[in-house]
Amino acid sequence: MAAASKLQGLWNHPAGPKTIHFWAPTFKWGLIIANAADFAKSPDELSYPLQSAVACSGLIWSRYCMVITPRNWNLFSVNASMAGTGVYQLSRKFWHDYSSKKDEEQVANE
């Protein structure tokens with residue numbers, strides 16, 4: 001019976017499965033999966049503007065999720081993950097570009 005009442009609570013929640021507030025963030029996980037699939041790509045193929053937009057969007061909307069009522073934890077988790085994957089991709093691109101320049105300078109000095 002306790003499980004049934006918890007499921008009933010989830011079903012009737014203002015951000016539950018009967019609302020767009022549940023389904024929009026659920027489908028937004030597709031963006032996270034696509035960005036995570038790009039982990040296998042070479043950093044040369046990554047874009048600073050795209051990954052900056054992904055990271056900033058995730059950070060901004062994560063904050064927004066904590067100030068709206070009711071708090072939408074599904075939306076928060078998807079946006080926090082979006083920020084995380086964006087920051088990770090930016091760091092990969094930055095370190096690749098930084099190490100490439102350093103290698104080029106060493107070859108030029110030799």
# chains A, B, ... in the order shown; residues from 1 in each chain; ligands from 1
>>> residues_around(residues="A:Leu90", least_positions_apart="4", cutoff="9 Å", atoms="only C-alpha atoms", output="list in words")
Pro43, Leu46, Ser47, Tyr48, Gln51, Ser52, Ala55, Thr85, Gly86, Phe94 and Trp95 of chain A
>>> select_by_dssp(residues="chain A", states="helix (DSSP H, G or I)", output="PyMOL selection string")
chain A and resi 2-12+20-40+43-45+48-67+73-109
>>> residues_around(residues="A:Trp61", least_positions_apart="5", cutoff="10 Å", atoms="only C-alpha atoms", output="list in words")
Cys56, Met66, Leu75, Phe76, Val78, Asn79, Ala80, Met82 and Ala83 of chain A
>>> closest_residue(among="A:Ser62, A:Asn72, A:Ser81, A:Ser91", to="A:Phe22", atoms="only C-alpha atoms")
A:Asn72
>>> residues_around(residues="A:Leu10", least_positions_apart="6", cutoff="12 Å", atoms="only C-alpha atoms", output="compact mmCIF listing (two decimals) with N, CA, C and O atoms, in the first residue's frame")
# COMPACT_ATOMS: atom_id res chain seq x y z
N ALA A 3 3.70 1.75 -1.44
CA ALA A 3 4.20 1.99 -2.79
C ALA A 3 3.11 2.61 -3.66
O ALA A 3 3.38 3.49 -4.48
N ALA A 4 1.89 2.15 -3.49
CA ALA A 4 0.78 2.68 -4.28
C ALA A 4 0.54 4.15 -3.97
O ALA A 4 0.29 4.95 -4.87
N GLY A 16 4.43 16.09 -12.48
CA GLY A 16 4.35 14.65 -12.71
C GLY A 16 4.12 14.29 -14.18
O GLY A 16 4.05 15.16 -15.05
N PRO A 17 3.98 13.01 -14.46
CA PRO A 17 3.87 12.52 -15.83
C PRO A 17 2.63 12.99 -16.60
O PRO A 17 2.55 12.80 -17.80
N LYS A 18 1.69 13.61 -15.94
CA LYS A 18 0.51 14.12 -16.64
C LYS A 18 0.76 15.53 -17.20
O LYS A 18 -0.13 16.09 -17.81
N THR A 19 1.98 16.06 -17.01
CA THR A 19 2.26 17.44 -17.43
C THR A 19 3.46 17.52 -18.36
O THR A 19 4.30 16.62 -18.40
N PHE A 22 7.07 17.31 -16.88
CA PHE A 22 7.74 16.02 -16.73
C PHE A 22 8.37 15.59 -18.05
O PHE A 22 9.52 15.17 -18.11
N ASN A 72 11.38 21.22 -9.68
CA ASN A 72 11.30 20.13 -10.65
C ASN A 72 12.67 19.45 -10.68
O ASN A 72 13.59 19.91 -11.35
>>> closest_residue(among="A:Val67, A:Val87, A:Ala2, A:Ala24", to="A:Phe39", atoms="only C-alpha atoms")
A:Val87
>>> atom_distance(atom1="atom CA of A:Ala36", atom2="atom CA of A:Ser99")
22.7 Å
>>> atom_distance(atom1="atom CA of A:Cys65", atom2="atom CA of A:Ile20")
14.6 Å
>>> atom_distance(atom1="atom CA of A:Gln89", atom2="atom CA of A:Lys102")
19.9 Å
>>> decode(residues="stretch 57-97 of chain A", atoms="N, CA and C atoms", output="PDB file, in the first residue's frame")
ATOM      1  N   SER A  57      23.777  27.129 -20.795  1.00  0.00           N
ATOM      2  CA  SER A  57      22.352  26.818 -20.724  1.00  0.00           C
ATOM      3  C   SER A  57      22.074  25.891 -19.545  1.00  0.00           C
ATOM      4  N   GLY A  58      22.902  24.885 -19.388  1.00  0.00           N
ATOM      5  CA  GLY A  58      22.727  23.961 -18.270  1.00  0.00           C
ATOM      6  C   GLY A  58      22.864  24.654 -16.926  1.00  0.00           C
ATOM      7  N   LEU A  59      23.850  25.530 -16.801  1.00  0.00           N
ATOM      8  CA  LEU A  59      24.049  26.238 -15.531  1.00  0.00           C
ATOM      9  C   LEU A  59      22.890  27.192 -15.234  1.00  0.00           C
ATOM     10  N   ILE A  60      22.494  27.967 -16.217  1.00  0.00           N
ATOM     11  CA  ILE A  60      21.413  28.937 -16.018  1.00  0.00           C
ATOM     12  C   ILE A  60      20.112  28.241 -15.646  1.00  0.00           C
ATOM     13  N   TRP A  61      19.751  27.212 -16.400  1.00  0.00           N
ATOM     14  CA  TRP A  61      18.487  26.535 -16.142  1.00  0.00           C
ATOM     15  C   TRP A  61      18.522  25.685 -14.885  1.00  0.00           C
ATOM     16  N   SER A  62      19.695  25.232 -14.482  1.00  0.00           N
ATOM     17  CA  SER A  62      19.797  24.511 -13.206  1.00  0.00           C
ATOM     18  C   SER A  62      19.441  25.446 -12.060  1.00  0.00           C
ATOM     19  N   ARG A  63      19.929  26.662 -12.139  1.00  0.00           N
ATOM     20  CA  ARG A  63      19.601  27.650 -11.112  1.00  0.00           C
ATOM     21  C   ARG A  63      18.105  27.961 -11.121  1.00  0.00           C
ATOM     22  N   TYR A  64      17.558  28.130 -12.307  1.00  0.00           N
ATOM     23  CA  TYR A  64      16.127  28.429 -12.441  1.00  0.00           C
ATOM     24  C   TYR A  64      15.272  27.327 -11.807  1.00  0.00           C
ATOM     25  N   CYS A  65      15.687  26.089 -11.968  1.00  0.00           N
ATOM     26  CA  CYS A  65      14.924  24.964 -11.436  1.00  0.00           C
ATOM     27  C   CYS A  65      14.810  25.003  -9.917  1.00  0.00           C
ATOM     28  N   MET A  66      15.754  25.661  -9.281  1.00  0.00           N
ATOM     29  CA  MET A  66      15.745  25.712  -7.820  1.00  0.00           C
ATOM     30  C   MET A  66      14.929  26.883  -7.271  1.00  0.00           C
ATOM     31  N   VAL A  67      14.520  27.810  -8.130  1.00  0.00           N
ATOM     32  CA  VAL A  67      13.745  28.948  -7.632  1.00  0.00           C
ATOM     33  C   VAL A  67      12.271  28.875  -8.026  1.00  0.00           C
ATOM     34  N   ILE A  68      11.909  27.994  -8.944  1.00  0.00           N
ATOM     35  CA  ILE A  68      10.498  27.877  -9.326  1.00  0.00           C
ATOM     36  C   ILE A  68       9.765  27.002  -8.321  1.00  0.00           C
ATOM     37  N   THR A  69       8.454  27.139  -8.300  1.00  0.00           N
ATOM     38  CA  THR A  69       7.618  26.315  -7.444  1.00  0.00           C
ATOM     39  C   THR A  69       6.629  25.591  -8.337  1.00  0.00           C
ATOM     40  N   PRO A  70       6.490  24.308  -8.227  1.00  0.00           N
ATOM     41  CA  PRO A  70       7.244  23.384  -7.386  1.00  0.00           C
ATOM     42  C   PRO A  70       8.620  23.104  -7.989  1.00  0.00           C
ATOM     43  N   ARG A  71       9.537  22.720  -7.146  1.00  0.00           N
ATOM     44  CA  ARG A  71      10.866  22.365  -7.651  1.00  0.00           C
ATOM     45  C   ARG A  71      10.730  21.124  -8.536  1.00  0.00           C
ATOM     46  N   ASN A  72      11.380  21.220  -9.675  1.00  0.00           N
ATOM     47  CA  ASN A  72      11.304  20.132 -10.649  1.00  0.00           C
ATOM     48  C   ASN A  72      12.668  19.455 -10.684  1.00  0.00           C
ATOM     49  N   TRP A  73      12.802  18.363  -9.950  1.00  0.00           N
ATOM     50  CA  TRP A  73      14.093  17.692  -9.815  1.00  0.00           C
ATOM     51  C   TRP A  73      14.517  17.015 -11.108  1.00  0.00           C
ATOM     52  N   ASN A  74      13.569  16.578 -11.911  1.00  0.00           N
ATOM     53  CA  ASN A  74      13.896  15.995 -13.211  1.00  0.00           C
ATOM     54  C   ASN A  74      14.537  17.064 -14.096  1.00  0.00           C
ATOM     55  N   LEU A  75      13.961  18.251 -14.113  1.00  0.00           N
ATOM     56  CA  LEU A  75      14.516  19.357 -14.896  1.00  0.00           C
ATOM     57  C   LEU A  75      15.885  19.776 -14.370  1.00  0.00           C
ATOM     58  N   PHE A  76      16.022  19.798 -13.040  1.00  0.00           N
ATOM     59  CA  PHE A  76      17.319  20.149 -12.456  1.00  0.00           C
ATOM     60  C   PHE A  76      18.388  19.139 -12.843  1.00  0.00           C
ATOM     61  N   SER A  77      18.065  17.861 -12.737  1.00  0.00           N
ATOM     62  CA  SER A  77      19.080  16.832 -13.024  1.00  0.00           C
ATOM     63  C   SER A  77      19.506  16.851 -14.489  1.00  0.00           C
ATOM     64  N   VAL A  78      18.565  17.065 -15.402  1.00  0.00           N
ATOM     65  CA  VAL A  78      18.930  17.092 -16.811  1.00  0.00           C
ATOM     66  C   VAL A  78      19.789  18.324 -17.110  1.00  0.00           C
ATOM     67  N   ASN A  79      19.479  19.454 -16.507  1.00  0.00           N
ATOM     68  CA  ASN A  79      20.269  20.660 -16.762  1.00  0.00           C
ATOM     69  C   ASN A  79      21.641  20.607 -16.093  1.00  0.00           C
ATOM     70  N   ALA A  80      21.716  20.026 -14.912  1.00  0.00           N
ATOM     71  CA  ALA A  80      23.021  19.863 -14.263  1.00  0.00           C
ATOM     72  C   ALA A  80      23.898  18.919 -15.094  1.00  0.00           C
ATOM     73  N   SER A  81      23.303  17.868 -15.637  1.00  0.00           N
ATOM     74  CA  SER A  81      24.048  16.946 -16.495  1.00  0.00           C
ATOM     75  C   SER A  81      24.468  17.630 -17.793  1.00  0.00           C
ATOM     76  N   MET A  82      23.604  18.478 -18.306  1.00  0.00           N
ATOM     77  CA  MET A  82      23.928  19.222 -19.519  1.00  0.00           C
ATOM     78  C   MET A  82      25.127  20.138 -19.263  1.00  0.00           C
ATOM     79  N   ALA A  83      25.112  20.826 -18.125  1.00  0.00           N
ATOM     80  CA  ALA A  83      26.236  21.691 -17.774  1.00  0.00           C
ATOM     81  C   ALA A  83      27.509  20.862 -17.612  1.00  0.00           C
ATOM     82  N   GLY A  84      27.389  19.722 -16.975  1.00  0.00           N
ATOM     83  CA  GLY A  84      28.552  18.869 -16.760  1.00  0.00           C
ATOM     84  C   GLY A  84      29.178  18.370 -18.046  1.00  0.00           C
ATOM     85  N   THR A  85      28.342  17.899 -18.968  1.00  0.00           N
ATOM     86  CA  THR A  85      28.898  17.415 -20.235  1.00  0.00           C
ATOM     87  C   THR A  85      29.491  18.563 -21.050  1.00  0.00           C
ATOM     88  N   GLY A  86      28.859  19.736 -20.997  1.00  0.00           N
ATOM     89  CA  GLY A  86      29.391  20.891 -21.726  1.00  0.00           C
ATOM     90  C   GLY A  86      30.732  21.340 -21.184  1.00  0.00           C
ATOM     91  N   VAL A  87      30.846  21.398 -19.856  1.00  0.00           N
ATOM     92  CA  VAL A  87      32.111  21.807 -19.235  1.00  0.00           C
ATOM     93  C   VAL A  87      33.200  20.774 -19.530  1.00  0.00           C
ATOM     94  N   TYR A  88      32.842  19.497 -19.466  1.00  0.00           N
ATOM     95  CA  TYR A  88      33.815  18.453 -19.765  1.00  0.00           C
ATOM     96  C   TYR A  88      34.321  18.570 -21.210  1.00  0.00           C
ATOM     97  N   GLN A  89      33.398  18.776 -22.148  1.00  0.00           N
ATOM     98  CA  GLN A  89      33.794  18.901 -23.556  1.00  0.00           C
ATOM     99  C   GLN A  89      34.652  20.151 -23.763  1.00  0.00           C
ATOM    100  N   LEU A  90      34.297  21.252 -23.108  1.00  0.00           N
ATOM    101  CA  LEU A  90      35.115  22.465 -23.214  1.00  0.00           C
ATOM    102  C   LEU A  90      36.518  22.229 -22.673  1.00  0.00           C
ATOM    103  N   SER A  91      36.611  21.520 -21.557  1.00  0.00           N
ATOM    104  CA  SER A  91      37.938  21.252 -20.983  1.00  0.00           C
ATOM    105  C   SER A  91      38.758  20.356 -21.908  1.00  0.00           C
ATOM    106  N   ARG A  92      38.124  19.363 -22.519  1.00  0.00           N
ATOM    107  CA  ARG A  92      38.837  18.517 -23.487  1.00  0.00           C
ATOM    108  C   ARG A  92      39.371  19.347 -24.643  1.00  0.00           C
ATOM    109  N   LYS A  93      38.532  20.213 -25.195  1.00  0.00           N
ATOM    110  CA  LYS A  93      38.922  21.050 -26.333  1.00  0.00           C
ATOM    111  C   LYS A  93      40.041  22.011 -25.934  1.00  0.00           C
ATOM    112  N   PHE A  94      39.890  22.651 -24.769  1.00  0.00           N
ATOM    113  CA  PHE A  94      40.891  23.606 -24.306  1.00  0.00           C
ATOM    114  C   PHE A  94      42.252  22.930 -24.119  1.00  0.00           C
ATOM    115  N   TRP A  95      42.280  21.807 -23.408  1.00  0.00           N
ATOM    116  CA  TRP A  95      43.557  21.141 -23.151  1.00  0.00           C
ATOM    117  C   TRP A  95      44.170  20.602 -24.438  1.00  0.00           C
ATOM    118  N   HIS A  96      43.369  20.161 -25.364  1.00  0.00           N
ATOM    119  CA  HIS A  96      43.894  19.694 -26.644  1.00  0.00           C
ATOM    120  C   HIS A  96      44.531  20.858 -27.401  1.00  0.00           C
ATOM    121  N   ASP A  97      43.808  21.988 -27.479  1.00  0.00           N
ATOM    122  CA  ASP A  97      44.330  23.151 -28.196  1.00  0.00           C
ATOM    123  C   ASP A  97      45.570  23.714 -27.502  1.00  0.00           C
TER     124      ASP A  97
END
